[in-house]
Amino acid sequence: MTSDSDCPFSEPPQSEEPKEPTDDTGQPKPVTPPTPLARRTPLPQPDASPSAPLRDLARFLYCANPFYVVSTALIFWGLRISFETTGRSFETDALMIGLVSYTLLLAAAACVIIRLGQVWNDVRTVLLLVVLMLLTISVTFDEALANNTSVGQWYYFGGLLLAVVVTEITLRVIRLRLGWLFRGPYYLAFALFFLYPVAISPLTRDPKDPALLWAMFGFSLATALVTLTLLPAIWRGPQYVRDNGSPWRWPLYPWTLFGTLGLAAMGRSYYLCQSFHFVGGGATIFRPYFLAPLLVAINLLLLENGVRWRRKGVEVFALFMPIATVWLLFLDSYSPVNDLGFQRLFVDTLQVTPQYLMLVAVAVFYCYAALRGARGAIWGVTMALACLTVVGRTNALDAFVNPTGWPLLMAAVLHLGVAIEQRRPAPWFWTSMLLLAGLSIELRETWFMAYEGAIPMHFALLAVLVIGLVFKGSFAEVLQFLGFWALVGMSLVAVIAPPESLGNPPATLLVWYPIFVAAVATVYAWLAANLTFTYLWAVAGNLLMWIAKFGWVAYQPLRIAVKGLDLIVLGGVFFVVALAISLGKAGLYRRWLGRKGDEDKDSDA
């Protein structure tokens, strides 16, 4: 991070407060009136000369100075194609000397730049390139190590020693302070890059050895553990890197460094499977789920940073990142790719698929986030548990045929705790829905799902009506309105749907169902003041549906027996209408609604 003073093409700095103009005696000059608009000097127009683009390009190249990156890429590529690590010892030594020499040259350049001009912007680029070159050395000699372990391991031991010496000398010369809560994980990462290949090299003799396959997968687990050693540094926060000897501040310093190490670790995980598994062709056991442990560890660091230091953006990103991780794991889970049988070995050994295990880890992560107070984490737990209902434990395809309901029951228990704590209608609604969904899956072969799932559907309707009645607020009113349409819809289905589509319920139940629903709507209309007349429409609708389907059939024989029955019934209807109008004129409805409103206010108070 540097100021614009590093770039001579930048505009000169402006003073914060303009000084009042004075004359030669030090007295303020009289203020002249502003020039009329027509006589003002026109503003300078942007330079449209042919040399302007060239000047802009020169300014960019001077300020950004990408030539360190270009130089590093060209020199590394030139050395790599000039000397083969699988060839003679001379070529391997020459490549090693070339890489080490250029790495030392970069470190020396950083020291000189700081000593001479404090150009921290360029130094940041150079230091990151030094780290990348050191990591490149740890990858370049994989084939030499695999072909000759006794010789190749010295390259790695020497590379690790070089990384420690170069880092310490550079930090001391440029007077950049890096606390041990950061320096420790930094050196652990380099030890992993240089020593892990040496540790697994004896296993490379047999490409089918399960120990070798697990060792290559284990690199990501090891990097995840090293990543978690950064948690104490996060808990110390920005104060830990204050006065570090540079203009760099938290979080760019030193997290840019560890972001670079994280990306390098992902690439190293892939390249390790290429370098130490000699099976010929392009086949490799590497799959995206190899990166899952490292991604979970990184996500935990982001969560801690966001929650502990109240960085809302970082917290939200940490809560959404597992969704992308899960998608990455399922990216090729069903594609017929050749992973040399490692996933089958994974399932046979652990009795669980990598995708299933990752979903369990995501659910645990969201539970931890909820305990840390991250808002919305409970829905992350719910999402992960919902996925576990349709993701097989040992075969992902089996779950879509035989889903399991226990994850939804666990989610219901979690939401029940939230409902008891918050005492709001929404958590109680989701608790009841998750509970019924889990029970419906677990009891799908029992009486609970008889008549095409009518029993859990009616329990869901009962939950909607009760929660909408017990609680107050906009969400409760939405539930009441939803319950109205559910009552009408269920009665309509019972009246017009063929009995076989409903599982052939008893005929008597279908006949009296609209009457029963009308009775329920009547009681609810009396209890709920918000939608009283709405539910009275539900009563009327159910009665009309019953009359249209069943009442008219029973009414026909009575018409024949009693000639004046039509007039009697019609007179009764008009009597009910007249009585309703009279009660309205008497103010009964107004007093009743007013009394219900007062009761609601008292209950709210």
# chains A, B, ... in the order shown; residues from 1 in each chain; ligands from 1

$ select_by_dssp --residues "region 296-404 of chain A" --states "alpha helix (DSSP H)" --output "PyMOL selection string"
chain A and resi 296-308+312-329+342-350+354-371+377-388+396-401

$ write_last_selection --atoms "C-alpha atoms" --output "PDB file, in the first residue's frame"
ATOM      1  CA  VAL A 296     -14.225 -25.429   5.542  1.00  0.00           C
ATOM      2  CA  ALA A 297     -11.195 -24.207   7.512  1.00  0.00           C
ATOM      3  CA  ILE A 298     -10.999 -21.001   5.463  1.00  0.00           C
ATOM      4  CA  ASN A 299     -14.709 -20.444   5.980  1.00  0.00           C
ATOM      5  CA  LEU A 300     -14.290 -20.816   9.731  1.00  0.00           C
ATOM      6  CA  LEU A 301     -11.602 -18.110   9.693  1.00  0.00           C
ATOM      7  CA  LEU A 302     -13.916 -15.790   7.766  1.00  0.00           C
ATOM      8  CA  LEU A 303     -16.758 -16.432  10.196  1.00  0.00           C
ATOM      9  CA  GLU A 304     -14.602 -15.697  13.233  1.00  0.00           C
ATOM     10  CA  ASN A 305     -13.310 -12.520  11.640  1.00  0.00           C
ATOM     11  CA  GLY A 306     -16.808 -11.317  10.764  1.00  0.00           C
ATOM     12  CA  VAL A 307     -18.458 -12.184  14.081  1.00  0.00           C
ATOM     13  CA  ARG A 308     -15.665 -11.130  16.445  1.00  0.00           C
ATOM     14  CA  LYS A 312     -21.136  -7.740   8.525  1.00  0.00           C
ATOM     15  CA  GLY A 313     -20.024  -8.222   4.936  1.00  0.00           C
ATOM     16  CA  VAL A 314     -17.442 -10.832   5.908  1.00  0.00           C
ATOM     17  CA  GLU A 315     -19.989 -12.608   8.099  1.00  0.00           C
ATOM     18  CA  VAL A 316     -22.567 -12.775   5.314  1.00  0.00           C
ATOM     19  CA  PHE A 317     -19.938 -14.046   2.870  1.00  0.00           C
ATOM     20  CA  ALA A 318     -18.922 -16.737   5.362  1.00  0.00           C
ATOM     21  CA  LEU A 319     -22.549 -17.875   5.658  1.00  0.00           C
ATOM     22  CA  PHE A 320     -23.022 -18.110   1.881  1.00  0.00           C
ATOM     23  CA  MET A 321     -19.652 -19.681   1.048  1.00  0.00           C
ATOM     24  CA  PRO A 322     -20.637 -23.248   2.166  1.00  0.00           C
ATOM     25  CA  ILE A 323     -23.413 -23.221  -0.447  1.00  0.00           C
ATOM     26  CA  ALA A 324     -20.812 -22.760  -3.176  1.00  0.00           C
ATOM     27  CA  THR A 325     -18.638 -25.410  -1.544  1.00  0.00           C
ATOM     28  CA  VAL A 326     -21.453 -27.977  -1.530  1.00  0.00           C
ATOM     29  CA  TRP A 327     -22.217 -27.162  -5.164  1.00  0.00           C
ATOM     30  CA  LEU A 328     -18.543 -27.719  -5.984  1.00  0.00           C
ATOM     31  CA  LEU A 329     -18.620 -31.141  -4.352  1.00  0.00           C
ATOM     32  CA  PHE A 342     -10.642 -43.758  -4.869  1.00  0.00           C
ATOM     33  CA  GLN A 343     -14.240 -42.750  -4.131  1.00  0.00           C
ATOM     34  CA  ARG A 344     -15.182 -46.433  -3.914  1.00  0.00           C
ATOM     35  CA  LEU A 345     -12.266 -46.896  -1.504  1.00  0.00           C
ATOM     36  CA  PHE A 346     -13.463 -43.827   0.432  1.00  0.00           C
ATOM     37  CA  VAL A 347     -16.977 -45.255   0.819  1.00  0.00           C
ATOM     38  CA  ASP A 348     -15.820 -48.777   1.663  1.00  0.00           C
ATOM     39  CA  THR A 349     -13.460 -47.472   4.342  1.00  0.00           C
ATOM     40  CA  LEU A 350     -15.596 -44.782   5.998  1.00  0.00           C
ATOM     41  CA  PRO A 354     -17.513 -37.543   0.509  1.00  0.00           C
ATOM     42  CA  GLN A 355     -20.601 -35.496  -0.408  1.00  0.00           C
ATOM     43  CA  TYR A 356     -22.570 -36.794   2.570  1.00  0.00           C
ATOM     44  CA  LEU A 357     -19.665 -36.185   4.918  1.00  0.00           C
ATOM     45  CA  MET A 358     -19.290 -32.643   3.602  1.00  0.00           C
ATOM     46  CA  LEU A 359     -22.973 -31.907   4.223  1.00  0.00           C
ATOM     47  CA  VAL A 360     -22.565 -33.100   7.811  1.00  0.00           C
ATOM     48  CA  ALA A 361     -19.544 -30.788   8.192  1.00  0.00           C
ATOM     49  CA  VAL A 362     -21.546 -27.875   6.748  1.00  0.00           C
ATOM     50  CA  ALA A 363     -24.395 -28.555   9.195  1.00  0.00           C
ATOM     51  CA  VAL A 364     -21.913 -28.562  12.095  1.00  0.00           C
ATOM     52  CA  PHE A 365     -20.379 -25.319  10.801  1.00  0.00           C
ATOM     53  CA  TYR A 366     -23.758 -23.589  10.700  1.00  0.00           C
ATOM     54  CA  CYS A 367     -24.556 -24.844  14.209  1.00  0.00           C
ATOM     55  CA  TYR A 368     -21.309 -23.278  15.387  1.00  0.00           C
ATOM     56  CA  ALA A 369     -22.172 -20.068  13.524  1.00  0.00           C
ATOM     57  CA  ALA A 370     -25.562 -19.987  15.252  1.00  0.00           C
ATOM     58  CA  LEU A 371     -23.879 -20.391  18.645  1.00  0.00           C
ATOM     59  CA  ALA A 377     -27.166 -19.414  10.531  1.00  0.00           C
ATOM     60  CA  ILE A 378     -30.145 -21.508  11.637  1.00  0.00           C
ATOM     61  CA  TRP A 379     -31.319 -21.537   8.029  1.00  0.00           C
ATOM     62  CA  GLY A 380     -27.935 -22.822   6.942  1.00  0.00           C
ATOM     63  CA  VAL A 381     -28.377 -25.749   9.327  1.00  0.00           C
ATOM     64  CA  THR A 382     -31.848 -26.327   7.909  1.00  0.00           C
ATOM     65  CA  MET A 383     -30.538 -26.265   4.335  1.00  0.00           C
ATOM     66  CA  ALA A 384     -27.781 -28.778   5.078  1.00  0.00           C
ATOM     67  CA  LEU A 385     -30.154 -31.111   6.944  1.00  0.00           C
ATOM     68  CA  ALA A 386     -32.721 -30.864   4.144  1.00  0.00           C
ATOM     69  CA  CYS A 387     -30.033 -31.921   1.660  1.00  0.00           C
ATOM     70  CA  LEU A 388     -29.170 -34.892   3.858  1.00  0.00           C
ATOM     71  CA  ALA A 396     -26.172 -40.779  -3.636  1.00  0.00           C
ATOM     72  CA  LEU A 397     -28.631 -42.278  -6.107  1.00  0.00           C
ATOM     73  CA  ASP A 398     -30.354 -44.405  -3.433  1.00  0.00           C
ATOM     74  CA  ALA A 399     -31.519 -41.401  -1.422  1.00  0.00           C
ATOM     75  CA  PHE A 400     -33.863 -40.106  -4.130  1.00  0.00           C
ATOM     76  CA  VAL A 401     -35.701 -43.430  -4.016  1.00  0.00           C
TER      77      VAL A 401
END

$ atom_distance --atom1 "CA of Gly237 (chain A)" --atom2 "CA of Arg249 (chain A)"
11.2 Å

$ residues_around --residues "Tyr240 (chain A)" --least-positions-apart "3" --cutoff "12 Å" --atoms "only C-alpha atoms" --output "short mmCIF file (atom, residue, chain, number, x, y, z; two decimals) with C-alpha atoms, in the first residue's frame"
data_model
loop_
_atom_site.label_atom_id
_atom_site.label_comp_id
_atom_site.auth_asym_id
_atom_site.auth_seq_id
_atom_site.Cartn_x
_atom_site.Cartn_y
_atom_site.Cartn_z
CA ARG A 177 7.17 -6.97 11.82
CA LEU A 178 5.20 -10.22 11.51
CA GLY A 179 4.05 -11.57 14.86
CA TRP A 180 4.54 -15.20 15.73
CA LEU A 181 0.81 -15.85 15.67
CA PHE A 182 1.19 -15.27 11.93
CA PRO A 232 -5.50 -17.04 17.68
CA ALA A 233 -4.29 -14.27 15.34
CA ILE A 234 -7.88 -13.50 14.34
CA TRP A 235 -8.90 -13.33 17.98
CA ARG A 236 -6.17 -10.75 18.59
CA GLY A 237 -7.53 -8.68 15.71
CA ASP A 243 2.76 -0.43 14.07
CA ASN A 244 4.16 -3.21 11.89
CA ARG A 249 -3.08 -2.29 7.68
CA TRP A 250 -5.44 -5.06 8.66
CA PRO A 251 -6.93 -6.99 6.92
CA TYR A 253 -1.77 -7.18 5.87
CA PRO A 254 -1.02 -9.97 6.40
#

$ closest_residue --among "A:Pro407, A:Gly541, A:Gly159, A:Gly341" --to "Thr103 (chain A)" --atoms "only C-alpha atoms"
A:Gly159

$ residues_around --residues "region 184-193 of chain A" --least-positions-apart "5" --cutoff "7 Å" --atoms "only C-alpha atoms" --output "list in words"
Ser138, Leu160, Val226, Thr229 and Leu230 of chain A

$ write_last_selection --atoms "all heavy atoms" --output "mmCIF file, in the first residue's frame"
data_model
loop_
_atom_site.group_PDB
_atom_site.id
_atom_site.type_symbol
_atom_site.label_atom_id
_atom_site.label_comp_id
_atom_site.auth_asym_id
_atom_site.auth_seq_id
_atom_site.Cartn_x
_atom_site.Cartn_y
_atom_site.Cartn_z
ATOM 1 N N SER A 138 9.170 -25.900 -4.087
ATOM 2 C CA SER A 138 8.650 -27.097 -3.420
ATOM 3 C C SER A 138 7.892 -28.009 -4.361
ATOM 4 O O SER A 138 7.662 -29.173 -4.041
ATOM 5 C CB SER A 138 7.732 -26.681 -2.262
ATOM 6 O OG SER A 138 6.508 -26.163 -2.756
ATOM 7 N N LEU A 160 13.337 -25.822 2.219
ATOM 8 C CA LEU A 160 12.713 -25.342 3.455
ATOM 9 C C LEU A 160 13.663 -24.433 4.226
ATOM 10 O O LEU A 160 13.252 -23.380 4.742
ATOM 11 C CB LEU A 160 12.300 -26.537 4.317
ATOM 12 C CG LEU A 160 11.657 -26.202 5.658
ATOM 13 C CD1 LEU A 160 10.403 -25.367 5.472
ATOM 14 C CD2 LEU A 160 11.351 -27.478 6.444
ATOM 15 N N VAL A 226 -3.404 -26.736 9.467
ATOM 16 C CA VAL A 226 -2.469 -25.610 9.518
ATOM 17 C C VAL A 226 -3.233 -24.290 9.420
ATOM 18 O O VAL A 226 -2.910 -23.311 10.107
ATOM 19 C CB VAL A 226 -1.437 -25.735 8.386
ATOM 20 C CG1 VAL A 226 -0.606 -24.456 8.277
ATOM 21 C CG2 VAL A 226 -0.527 -26.926 8.637
ATOM 22 N N THR A 229 -4.623 -22.912 12.634
ATOM 23 C CA THR A 229 -3.702 -22.309 13.594
ATOM 24 C C THR A 229 -3.703 -20.790 13.512
ATOM 25 O O THR A 229 -3.088 -20.122 14.361
ATOM 26 C CB THR A 229 -2.269 -22.828 13.353
ATOM 27 O OG1 THR A 229 -1.857 -22.490 12.023
ATOM 28 C CG2 THR A 229 -2.208 -24.336 13.531
ATOM 29 N N LEU A 230 -4.389 -20.214 12.515
ATOM 30 C CA LEU A 230 -4.509 -18.759 12.413
ATOM 31 C C LEU A 230 -5.626 -18.199 13.293
ATOM 32 O O LEU A 230 -5.773 -16.972 13.379
ATOM 33 C CB LEU A 230 -4.767 -18.358 10.960
ATOM 34 C CG LEU A 230 -3.581 -18.485 9.998
ATOM 35 C CD1 LEU A 230 -4.048 -18.411 8.561
ATOM 36 C CD2 LEU A 230 -2.550 -17.410 10.284
#

$ closest_residue --among "A:Asn395, A:Gln153, A:Leu479, A:Ala454" --to "Asn504 (chain A)" --atoms "only C-alpha atoms"
A:Ala454

$ atom_distance --atom1 "CA of Thr353 (chain A)" --atom2 "CA of Pro293 (chain A)"
14.3 Å

$ atom_distance --atom1 "CA of Ile581 (chain A)" --atom2 "CA of Leu487 (chain A)"
26.7 Å

$ closest_residue --among "A:Ile174, A:Leu105, A:Leu510, A:Leu54" --to "Tyr68 (chain A)" --atoms "only C-alpha atoms"
A:Leu105
